[in-house]
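start.txt, holding compact mmCIF, N, CA and C atoms:
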```txt
# COMPACT_ATOMS: atom_id res chain seq x y z
N MET K 1 -61.48 -66.40 27.08
CA MET K 1 -60.20 -66.87 27.56
C MET K 1 -59.07 -66.15 26.83
N LYS K 2 -59.30 -65.97 25.49
CA LYS K 2 -58.27 -65.28 24.72
C LYS K 2 -58.12 -63.84 25.20
N SER K 3 -59.22 -63.19 25.56
CA SER K 3 -59.15 -61.79 26.00
C SER K 3 -58.39 -61.67 27.32
N ILE K 4 -58.55 -62.67 28.20
CA ILE K 4 -57.82 -62.63 29.47
C ILE K 4 -56.33 -62.77 29.21
N LEU K 5 -55.94 -63.69 28.31
CA LEU K 5 -54.52 -63.85 27.98
C LEU K 5 -53.97 -62.60 27.29
N LEU K 6 -54.79 -61.98 26.44
CA LEU K 6 -54.36 -60.76 25.76
C LEU K 6 -54.16 -59.61 26.75
N ILE K 7 -55.07 -59.49 27.71
CA ILE K 7 -54.95 -58.43 28.73
C ILE K 7 -53.72 -58.69 29.60
N ALA K 8 -53.50 -59.95 29.98
CA ALA K 8 -52.33 -60.29 30.80
C ALA K 8 -51.04 -60.00 30.03
N ALA K 9 -51.02 -60.33 28.74
CA ALA K 9 -49.84 -60.06 27.92
C ALA K 9 -49.58 -58.55 27.81
N CYS K 10 -50.65 -57.77 27.68
CA CYS K 10 -50.51 -56.30 27.61
C CYS K 10 -49.97 -55.74 28.93
N ILE K 11 -50.45 -56.26 30.04
CA ILE K 11 -49.98 -55.79 31.35
C ILE K 11 -48.50 -56.11 31.52
N VAL K 12 -48.09 -57.31 31.13
CA VAL K 12 -46.68 -57.70 31.22
C VAL K 12 -45.83 -56.83 30.30
N ALA K 13 -46.31 -56.56 29.09
CA ALA K 13 -45.57 -55.71 28.15
C ALA K 13 -45.43 -54.29 28.68
N MET K 14 -46.51 -53.77 29.30
CA MET K 14 -46.41 -52.42 29.88
C MET K 14 -45.43 -52.40 31.04
N GLY K 15 -45.40 -53.45 31.82
CA GLY K 15 -44.44 -53.54 32.92
C GLY K 15 -43.01 -53.52 32.43
N PHE K 16 -42.74 -54.26 31.33
CA PHE K 16 -41.39 -54.26 30.76
C PHE K 16 -41.05 -52.89 30.17
N ALA K 17 -42.02 -52.23 29.57
CA ALA K 17 -41.77 -50.92 28.98
C ALA K 17 -41.41 -49.89 30.05
N VAL K 18 -42.12 -49.92 31.16
CA VAL K 18 -41.84 -48.98 32.25
C VAL K 18 -40.51 -49.31 32.91
N ALA K 19 -40.25 -50.60 33.13
CA ALA K 19 -39.00 -51.01 33.77
C ALA K 19 -37.81 -50.77 32.87
N SER K 20 -37.99 -50.88 31.57
CA SER K 20 -36.85 -50.69 30.67
C SER K 20 -36.36 -49.25 30.70
N CYS K 21 -37.26 -48.30 30.94
CA CYS K 21 -36.83 -46.90 31.04
C CYS K 21 -36.00 -46.68 32.29
N ARG K 22 -36.33 -47.38 33.36
CA ARG K 22 -35.58 -47.21 34.60
C ARG K 22 -34.19 -47.80 34.50
N PHE K 23 -34.06 -48.86 33.75
CA PHE K 23 -32.77 -49.54 33.68
C PHE K 23 -31.95 -49.11 32.48
N ALA K 24 -32.38 -48.08 31.78
CA ALA K 24 -31.60 -47.58 30.65
C ALA K 24 -30.30 -46.99 31.16
N PRO K 25 -29.21 -47.20 30.44
CA PRO K 25 -27.92 -46.68 30.91
C PRO K 25 -27.91 -45.16 30.87
N SER K 26 -27.42 -44.55 31.95
CA SER K 26 -27.32 -43.09 31.97
C SER K 26 -25.88 -42.73 31.60
N PRO K 27 -25.72 -41.84 30.66
CA PRO K 27 -24.36 -41.50 30.23
C PRO K 27 -23.66 -40.68 31.32
N LYS K 28 -22.50 -41.12 31.74
CA LYS K 28 -21.70 -40.38 32.69
C LYS K 28 -20.67 -39.59 31.88
N LEU K 29 -20.83 -38.29 31.84
CA LEU K 29 -20.00 -37.48 30.97
C LEU K 29 -18.55 -37.43 31.44
N GLY K 30 -18.33 -37.32 32.72
CA GLY K 30 -16.96 -37.32 33.22
C GLY K 30 -16.13 -36.22 32.60
N ASP K 31 -15.09 -36.59 31.86
CA ASP K 31 -14.17 -35.63 31.27
C ASP K 31 -14.53 -35.28 29.84
N THR K 32 -15.77 -35.46 29.45
CA THR K 32 -16.13 -35.20 28.06
C THR K 32 -16.58 -33.76 27.83
N VAL K 33 -16.47 -32.90 28.85
CA VAL K 33 -16.84 -31.50 28.69
C VAL K 33 -15.77 -30.81 27.86
N ALA K 34 -16.17 -29.92 27.00
CA ALA K 34 -15.23 -29.25 26.11
C ALA K 34 -14.17 -28.50 26.90
N SER K 35 -12.97 -28.51 26.39
CA SER K 35 -11.86 -27.85 27.10
C SER K 35 -12.01 -26.33 27.08
N SER K 36 -12.80 -25.80 26.16
CA SER K 36 -12.97 -24.35 26.10
C SER K 36 -13.67 -23.81 27.34
N VAL K 37 -14.41 -24.69 28.04
CA VAL K 37 -15.08 -24.27 29.26
C VAL K 37 -14.06 -24.03 30.37
N PHE K 38 -12.96 -24.77 30.33
CA PHE K 38 -11.98 -24.71 31.41
C PHE K 38 -10.75 -23.88 31.06
N GLU K 39 -10.84 -23.03 30.06
CA GLU K 39 -9.70 -22.19 29.71
C GLU K 39 -9.40 -21.24 30.86
N PRO K 40 -8.14 -21.00 31.15
CA PRO K 40 -7.81 -20.07 32.24
C PRO K 40 -8.22 -18.65 31.87
N ALA K 41 -8.52 -17.88 32.89
CA ALA K 41 -8.93 -16.49 32.67
C ALA K 41 -7.74 -15.69 32.16
N ASP K 42 -8.03 -14.67 31.38
CA ASP K 42 -6.98 -13.80 30.85
C ASP K 42 -6.49 -12.89 31.96
N THR K 43 -5.33 -13.21 32.53
CA THR K 43 -4.82 -12.44 33.67
C THR K 43 -4.40 -11.04 33.27
N GLY K 44 -4.02 -10.86 32.03
CA GLY K 44 -3.66 -9.52 31.58
C GLY K 44 -4.84 -8.57 31.67
N LEU K 45 -6.00 -9.06 31.29
CA LEU K 45 -7.21 -8.25 31.34
C LEU K 45 -7.63 -7.99 32.79
N ILE K 46 -7.49 -9.02 33.64
CA ILE K 46 -7.85 -8.86 35.06
C ILE K 46 -6.93 -7.83 35.71
N ASN K 47 -5.63 -7.93 35.45
CA ASN K 47 -4.68 -6.97 36.03
C ASN K 47 -4.96 -5.56 35.54
N LYS K 48 -5.35 -5.43 34.29
CA LYS K 48 -5.67 -4.11 33.75
C LYS K 48 -6.88 -3.51 34.46
N LYS K 49 -7.90 -4.36 34.73
CA LYS K 49 -9.09 -3.88 35.43
C LYS K 49 -8.77 -3.48 36.86
N THR K 50 -7.95 -4.27 37.54
CA THR K 50 -7.62 -3.94 38.93
C THR K 50 -6.79 -2.67 39.00
N ARG K 51 -5.89 -2.47 38.05
CA ARG K 51 -5.11 -1.22 38.03
C ARG K 51 -6.03 -0.03 37.80
N ALA K 52 -7.04 -0.21 36.95
CA ALA K 52 -7.98 0.88 36.69
C ALA K 52 -8.80 1.18 37.94
N LYS K 53 -9.18 0.14 38.71
CA LYS K 53 -9.94 0.36 39.93
C LYS K 53 -9.10 1.08 40.97
N VAL K 54 -7.83 0.69 41.09
CA VAL K 54 -6.95 1.34 42.06
C VAL K 54 -6.74 2.80 41.69
N ALA K 55 -6.60 3.06 40.42
CA ALA K 55 -6.41 4.44 39.97
C ALA K 55 -7.68 5.26 40.17
N ASP K 56 -8.83 4.58 40.18
CA ASP K 56 -10.11 5.28 40.30
C ASP K 56 -10.44 5.64 41.75
N THR K 57 -9.72 5.10 42.71
CA THR K 57 -10.03 5.36 44.12
C THR K 57 -9.41 6.69 44.56
N THR K 58 -9.73 7.72 43.85
CA THR K 58 -9.25 9.05 44.22
C THR K 58 -10.08 9.58 45.37
N ILE K 59 -9.53 10.54 46.05
CA ILE K 59 -10.23 11.14 47.18
C ILE K 59 -11.30 12.09 46.65
N VAL K 60 -12.52 11.83 47.06
CA VAL K 60 -13.65 12.66 46.63
C VAL K 60 -14.15 13.41 47.86
N ALA K 61 -14.18 14.72 47.75
CA ALA K 61 -14.67 15.53 48.86
C ALA K 61 -16.19 15.60 48.77
N ASP K 62 -16.84 15.10 49.81
CA ASP K 62 -18.30 15.16 49.85
C ASP K 62 -18.75 16.52 50.36
N SER K 63 -19.90 16.95 49.90
CA SER K 63 -20.47 18.20 50.37
C SER K 63 -21.03 17.99 51.77
N VAL K 64 -20.69 18.90 52.66
CA VAL K 64 -21.15 18.78 54.04
C VAL K 64 -22.61 19.20 54.11
N GLY K 65 -23.43 18.34 54.68
CA GLY K 65 -24.84 18.67 54.88
C GLY K 65 -25.74 18.34 53.72
N LEU K 66 -25.20 17.87 52.60
CA LEU K 66 -26.03 17.49 51.46
C LEU K 66 -26.04 15.97 51.35
N TYR K 67 -27.22 15.42 51.11
CA TYR K 67 -27.38 13.97 51.04
C TYR K 67 -28.37 13.61 49.95
N TYR K 68 -28.25 12.38 49.46
CA TYR K 68 -29.31 11.76 48.68
C TYR K 68 -30.21 11.03 49.66
N ILE K 69 -31.48 10.95 49.37
CA ILE K 69 -32.37 10.12 50.18
C ILE K 69 -32.27 8.70 49.63
N GLY K 70 -31.88 7.77 50.49
CA GLY K 70 -31.64 6.39 50.07
C GLY K 70 -32.91 5.58 49.93
N SER K 71 -32.77 4.47 49.23
CA SER K 71 -33.93 3.60 48.98
C SER K 71 -34.31 2.78 50.21
N GLY K 72 -33.49 2.82 51.27
CA GLY K 72 -33.82 2.09 52.49
C GLY K 72 -34.64 2.90 53.47
N SER K 73 -35.16 4.03 53.05
CA SER K 73 -35.97 4.88 53.94
C SER K 73 -37.34 4.27 54.17
N THR K 74 -37.81 4.36 55.42
CA THR K 74 -39.13 3.84 55.78
C THR K 74 -39.91 4.94 56.50
N LYS K 75 -41.06 4.58 57.09
CA LYS K 75 -41.84 5.56 57.85
C LYS K 75 -41.10 6.00 59.11
N GLN K 76 -40.33 5.11 59.71
CA GLN K 76 -39.65 5.42 60.96
C GLN K 76 -38.23 5.95 60.76
N PHE K 77 -37.56 5.52 59.69
CA PHE K 77 -36.16 5.85 59.50
C PHE K 77 -35.92 6.51 58.15
N LEU K 78 -34.87 7.34 58.10
CA LEU K 78 -34.48 8.03 56.88
C LEU K 78 -33.05 7.64 56.56
N GLN K 79 -32.83 7.03 55.40
CA GLN K 79 -31.49 6.65 54.98
C GLN K 79 -30.90 7.79 54.16
N LEU K 80 -29.75 8.27 54.60
CA LEU K 80 -29.07 9.37 53.92
C LEU K 80 -27.77 8.86 53.32
N VAL K 81 -27.58 9.12 52.03
CA VAL K 81 -26.40 8.68 51.30
C VAL K 81 -25.60 9.93 50.95
N SER K 82 -24.26 9.87 51.14
CA SER K 82 -23.43 11.06 50.95
C SER K 82 -23.50 11.56 49.51
N TYR K 83 -23.44 12.89 49.39
CA TYR K 83 -23.50 13.54 48.09
C TYR K 83 -22.14 14.12 47.78
N PRO K 84 -21.53 13.98 46.68
CA PRO K 84 -21.90 13.32 45.44
C PRO K 84 -21.35 11.91 45.28
N SER K 85 -20.53 11.43 46.24
CA SER K 85 -19.83 10.16 46.02
C SER K 85 -20.69 8.92 46.23
N ARG K 86 -21.74 9.02 47.04
CA ARG K 86 -22.61 7.88 47.38
C ARG K 86 -21.84 6.75 48.06
N ARG K 87 -20.77 7.07 48.76
CA ARG K 87 -19.96 6.04 49.42
C ARG K 87 -20.42 5.77 50.85
N ASP K 88 -20.88 6.78 51.54
CA ASP K 88 -21.25 6.63 52.95
C ASP K 88 -22.77 6.65 53.09
N THR K 89 -23.26 5.81 53.99
CA THR K 89 -24.69 5.73 54.23
C THR K 89 -24.94 5.83 55.73
N THR K 90 -25.90 6.65 56.12
CA THR K 90 -26.29 6.74 57.52
C THR K 90 -27.81 6.61 57.60
N VAL K 91 -28.27 6.10 58.72
CA VAL K 91 -29.71 5.94 58.94
C VAL K 91 -30.08 6.69 60.20
N TYR K 92 -31.05 7.59 60.10
CA TYR K 92 -31.51 8.39 61.23
C TYR K 92 -32.99 8.13 61.46
N GLY K 93 -33.39 8.24 62.71
CA GLY K 93 -34.81 8.17 63.05
C GLY K 93 -35.48 9.49 62.71
N LYS K 94 -36.79 9.44 62.55
CA LYS K 94 -37.55 10.65 62.24
C LYS K 94 -38.28 11.12 63.48
N THR K 95 -38.47 12.45 63.58
CA THR K 95 -39.32 12.97 64.64
C THR K 95 -40.78 12.73 64.23
N LEU K 96 -41.68 13.02 65.16
CA LEU K 96 -43.09 12.75 64.89
C LEU K 96 -43.60 13.56 63.70
N HIS K 97 -43.24 14.83 63.64
CA HIS K 97 -43.64 15.69 62.53
C HIS K 97 -42.39 16.24 61.87
N ILE K 98 -42.19 15.94 60.61
CA ILE K 98 -41.03 16.42 59.86
C ILE K 98 -41.49 17.52 58.92
N LYS K 99 -40.75 18.63 58.93
CA LYS K 99 -41.03 19.70 57.98
C LYS K 99 -40.31 19.35 56.68
N VAL K 100 -41.04 19.37 55.59
CA VAL K 100 -40.47 19.05 54.29
C VAL K 100 -40.64 20.25 53.38
N LYS K 101 -39.53 20.74 52.86
CA LYS K 101 -39.56 21.84 51.89
C LYS K 101 -39.13 21.27 50.55
N GLY K 102 -40.00 21.32 49.57
CA GLY K 102 -39.71 20.72 48.27
C GLY K 102 -40.14 19.27 48.26
N SER K 103 -39.37 18.44 47.59
CA SER K 103 -39.70 17.02 47.47
C SER K 103 -38.69 16.20 48.26
N ALA K 104 -39.18 15.23 48.99
CA ALA K 104 -38.31 14.36 49.79
C ALA K 104 -38.42 12.92 49.30
N GLU K 105 -38.41 12.75 48.00
CA GLU K 105 -38.51 11.41 47.44
C GLU K 105 -37.12 10.80 47.30
N ILE K 106 -37.08 9.51 47.06
CA ILE K 106 -35.81 8.78 46.96
C ILE K 106 -34.99 9.34 45.80
N ASN K 107 -33.67 9.44 46.02
CA ASN K 107 -32.65 9.92 45.08
C ASN K 107 -32.69 11.43 44.86
N ASN K 108 -33.46 12.17 45.64
CA ASN K 108 -33.40 13.63 45.58
C ASN K 108 -32.28 14.11 46.49
N VAL K 109 -31.65 15.22 46.12
CA VAL K 109 -30.61 15.82 46.94
C VAL K 109 -31.28 16.73 47.96
N VAL K 110 -30.95 16.52 49.24
CA VAL K 110 -31.61 17.27 50.31
C VAL K 110 -30.58 17.80 51.31
N ARG K 111 -31.01 18.80 52.05
CA ARG K 111 -30.27 19.32 53.21
C ARG K 111 -31.11 18.96 54.42
N VAL K 112 -30.47 18.47 55.47
CA VAL K 112 -31.19 17.92 56.62
C VAL K 112 -30.86 18.73 57.87
N LYS K 113 -31.87 18.96 58.71
CA LYS K 113 -31.66 19.57 60.02
C LYS K 113 -32.04 18.54 61.07
N TYR K 114 -31.28 18.54 62.17
CA TYR K 114 -31.43 17.50 63.19
C TYR K 114 -31.99 18.06 64.48
N TYR K 115 -32.59 17.17 65.25
CA TYR K 115 -33.06 17.46 66.60
C TYR K 115 -32.25 16.59 67.53
N LEU K 116 -31.59 17.20 68.52
CA LEU K 116 -30.75 16.46 69.44
C LEU K 116 -31.61 15.90 70.56
N LEU K 117 -31.60 14.60 70.71
CA LEU K 117 -32.43 13.91 71.69
C LEU K 117 -31.53 13.39 72.81
N ASN K 118 -31.81 13.77 74.05
CA ASN K 118 -31.05 13.33 75.23
C ASN K 118 -29.58 13.74 75.18
N GLY K 119 -29.25 14.71 74.38
CA GLY K 119 -27.86 15.15 74.29
C GLY K 119 -26.95 14.18 73.55
N LYS K 120 -27.47 13.07 73.07
CA LYS K 120 -26.64 12.06 72.41
C LYS K 120 -27.17 11.67 71.03
N ASP K 121 -28.44 11.35 70.97
CA ASP K 121 -29.02 10.83 69.74
C ASP K 121 -29.57 11.97 68.89
N SER K 122 -29.50 11.79 67.56
CA SER K 122 -30.02 12.78 66.63
C SER K 122 -31.21 12.21 65.87
N LEU K 123 -32.23 13.03 65.73
CA LEU K 123 -33.38 12.69 64.91
C LEU K 123 -33.52 13.74 63.82
N VAL K 124 -34.07 13.36 62.69
CA VAL K 124 -34.28 14.30 61.59
C VAL K 124 -35.57 15.06 61.86
N LYS K 125 -35.46 16.41 61.85
CA LYS K 125 -36.66 17.21 62.07
C LYS K 125 -37.07 18.01 60.84
N GLU K 126 -36.15 18.21 59.89
CA GLU K 126 -36.48 18.99 58.70
C GLU K 126 -35.68 18.49 57.51
N VAL K 127 -36.35 18.40 56.37
CA VAL K 127 -35.72 17.98 55.11
C VAL K 127 -36.04 19.04 54.07
N GLU K 128 -34.99 19.56 53.43
CA GLU K 128 -35.17 20.61 52.42
C GLU K 128 -34.52 20.17 51.12
N GLN K 129 -35.28 20.15 50.05
CA GLN K 129 -34.74 19.76 48.76
C GLN K 129 -33.81 20.84 48.24
N VAL K 130 -32.67 20.42 47.70
CA VAL K 130 -31.70 21.35 47.12
C VAL K 130 -31.82 21.26 45.61
N LYS K 131 -32.08 22.39 44.99
CA LYS K 131 -32.19 22.42 43.53
C LYS K 131 -30.97 23.13 42.97
N PHE K 132 -30.28 22.46 42.06
CA PHE K 132 -29.11 23.05 41.41
C PHE K 132 -29.55 23.69 40.11
N SER K 133 -29.11 24.94 39.88
CA SER K 133 -29.54 25.60 38.66
C SER K 133 -28.54 25.47 37.55
```
Rewritten as structure tokens:
Amino acid sequence: MKSILLIAACIVAMGFAVASCRFAPSPKLGDTVASSVFEPADTGLINKKTRAKVADTTIVADSVGLYYIGSGSTKQFLQLVSYPSRRDTTVYGKTLHIKVKGSAEINNVVRVKYYLLNGKDSLVKEVEQVKFS
């Protein structure tokens, strides 16, 4: 009889222990976050960076016919990125057999020859690596 009462008392105590964790007060921080987190940004530094970016937008003459091979190239398409500025990107389809002279791996500088399809569309038919000495 004592063991039954002891087991029942343990079960009730465990129930209170589990329930007490659920009803524990949760601290609501509200406005207790440090004010250093909410300091305004240094506008002088931001303005200095924007002026530097505006000054950096100089006109860069890209080399005609020279491209980097972009990382978006697949088996069907060739992504060409303008050389040397890397500002413009074009994607061309490939012909069935492409002649490759040198290496045509990603980020190599290449010269590309096109095949005119239907008088409107262009496909890449030859890729030649350009080596600068």
Smallest atom-to-atom distance to Leu80 (chain K): which of K:Ile46, K:Ala61, K:Leu5, K:Leu66, using all atoms listed in the file?
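Once distances to Leu80 (chain K) are computed over all atoms listed in the file, the minimum belongs to K:Leu66.
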Coordinates-based distance that separates atom N of Lys131 (chain K) from atom N of Gln79 (chain K) (Å, one decimal)
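Computed distance, atom N of Gln79 (chain K) to atom N of Lys131 (chain K), equals 18.6 Å.
Counting all atoms listed in the file, Thr95 (chain K) has the following residues at most 7 Å away, ignoring those fewer than 6 positions along the same chain: Leu123, Val124 and Lys125 of chain K.
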Rounded to one decimal place, report the CA of Arg86 (chain K)-atom C of Asn118 (chain K) distance in Å.
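Interatomic distance, CA of Arg86 (chain K) to atom C of Asn118 (chain K): 29.3 Å.
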Have a look at atom N of Ala9 (chain K) and atom N of Ser26 (chain K) and let me know their distance in Å, one decimal.
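Going from atom N of Ala9 (chain K) over to atom N of Ser26 (chain K), I get 28.6 Å.
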For His97 (chain K), list every protein, DNA or RNA residue within 12 Å, evaluated using only C-alpha atoms, and leave out those in the same chain fewer than 3 positions away; present the list as a compact mmCIF listing (two decimals) with N, CA and C atoms, keeping the file's coordinate frame.
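See selection-v3.txt below for the written result:
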```txt
# COMPACT_ATOMS: atom_id res chain seq x y z
N LYS K 75 -41.06 4.58 57.09
CA LYS K 75 -41.84 5.56 57.85
C LYS K 75 -41.10 6.00 59.11
N GLN K 76 -40.33 5.11 59.71
CA GLN K 76 -39.65 5.42 60.96
C GLN K 76 -38.23 5.95 60.76
N GLY K 93 -33.39 8.24 62.71
CA GLY K 93 -34.81 8.17 63.05
C GLY K 93 -35.48 9.49 62.71
N LYS K 94 -36.79 9.44 62.55
CA LYS K 94 -37.55 10.65 62.24
C LYS K 94 -38.28 11.12 63.48
N VAL K 100 -41.04 19.37 55.59
CA VAL K 100 -40.47 19.05 54.29
C VAL K 100 -40.64 20.25 53.38
N TYR K 115 -32.59 17.17 65.25
CA TYR K 115 -33.06 17.46 66.60
C TYR K 115 -32.25 16.59 67.53
N LEU K 123 -32.23 13.03 65.73
CA LEU K 123 -33.38 12.69 64.91
C LEU K 123 -33.52 13.74 63.82
N VAL K 124 -34.07 13.36 62.69
CA VAL K 124 -34.28 14.30 61.59
C VAL K 124 -35.57 15.06 61.86
N LYS K 125 -35.46 16.41 61.85
CA LYS K 125 -36.66 17.21 62.07
C LYS K 125 -37.07 18.01 60.84
N GLU K 126 -36.15 18.21 59.89
CA GLU K 126 -36.48 18.99 58.70
C GLU K 126 -35.68 18.49 57.51
N VAL K 127 -36.35 18.40 56.37
CA VAL K 127 -35.72 17.98 55.11
C VAL K 127 -36.04 19.04 54.07
```
Counting only C-alpha atoms, the residue of K:Tyr67, K:Tyr114, K:Tyr83, K:Phe77 that sits nearest Lys99 (chain K):
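Ranking K:Tyr67, K:Tyr114, K:Tyr83, K:Phe77 by distance to Lys99 (chain K), first place goes to K:Tyr114.
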If you count only N, CA and C atoms, the residue of K:Leu6, K:Val64, K:Ile69, K:Val110 closest to Val81 (chain K) turns out to be K:Ile69
Can you tell me, as AutoDock Vina command-line options, the centre and edge lengths (Å, one decimal) of the axis-aligned box enclosing all of region 69-76 of chain K's listed atoms after padding each side by 5 Å?
```
--center_x -36.7 --center_y 6.5 --center_z 55.0 --size_x 20.4 --size_y 18.9 --size_z 22.0
```
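Among the candidates K:Glu128, K:Lys113, K:Ala13, K:Ser122, the one nearest to Val91 (chain K) when counting only C-alpha atoms is K:Ser122.
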Selected residue, from K:Ser73, K:Gln129, K:Thr90, K:Asn47, that lies nearest to Val109 (chain K) when counting only C-alpha atoms:
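For Val109 (chain K), the nearest of the given residues is K:Gln129.
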Should you be able to, write region 76-117 of chain K of this structure into a file that contains C-alpha atoms, as a tab-separated table (two decimals), in the first residue's frame.
```tsv
chain	number	residue	atom	x	y	z
K	76	GLN	CA	24.03	23.68	-75.00
K	77	PHE	CA	24.91	27.32	-74.29
K	78	LEU	CA	28.07	29.42	-74.01
K	79	GLN	CA	28.06	32.44	-71.70
K	80	LEU	CA	30.40	35.18	-72.90
K	81	VAL	CA	31.43	38.01	-70.58
K	82	SER	CA	32.94	41.20	-72.03
K	83	TYR	CA	36.70	41.61	-71.80
K	84	PRO	CA	38.22	43.43	-69.78
K	85	SER	CA	35.35	45.15	-67.94
K	86	ARG	CA	33.15	42.06	-67.26
K	87	ARG	CA	30.09	44.34	-67.39
K	88	ASP	CA	28.17	42.78	-70.28
K	89	THR	CA	27.08	39.17	-70.53
K	90	THR	CA	25.67	37.37	-73.56
K	91	VAL	CA	24.54	33.78	-73.97
K	92	TYR	CA	24.86	32.00	-77.32
K	93	GLY	CA	23.85	28.54	-78.43
K	94	LYS	CA	26.50	26.11	-79.63
K	95	THR	CA	26.64	24.33	-82.97
K	96	LEU	CA	26.79	20.55	-82.98
K	97	HIS	CA	30.58	20.49	-83.41
K	98	ILE	CA	32.63	23.39	-82.07
K	99	LYS	CA	36.25	23.86	-83.09
K	100	VAL	CA	38.34	24.70	-80.04
K	101	LYS	CA	41.85	26.08	-80.35
K	102	GLY	CA	43.65	26.16	-77.01
K	103	SER	CA	41.64	25.92	-73.81
K	104	ALA	CA	37.98	26.85	-73.54
K	105	GLU	CA	37.61	26.60	-69.79
K	106	ILE	CA	35.77	29.09	-67.58
K	107	ASN	CA	37.49	32.50	-67.09
K	108	ASN	CA	39.81	32.04	-70.08
K	109	VAL	CA	40.01	34.87	-72.60
K	110	VAL	CA	38.77	33.70	-76.00
K	111	ARG	CA	37.97	34.94	-79.49
K	112	VAL	CA	34.71	33.59	-80.89
K	113	LYS	CA	33.51	32.95	-84.45
K	114	TYR	CA	29.81	32.70	-85.19
K	115	TYR	CA	27.58	30.76	-87.55
K	116	LEU	CA	24.57	32.70	-88.84
K	117	LEU	CA	21.42	30.60	-88.59
```
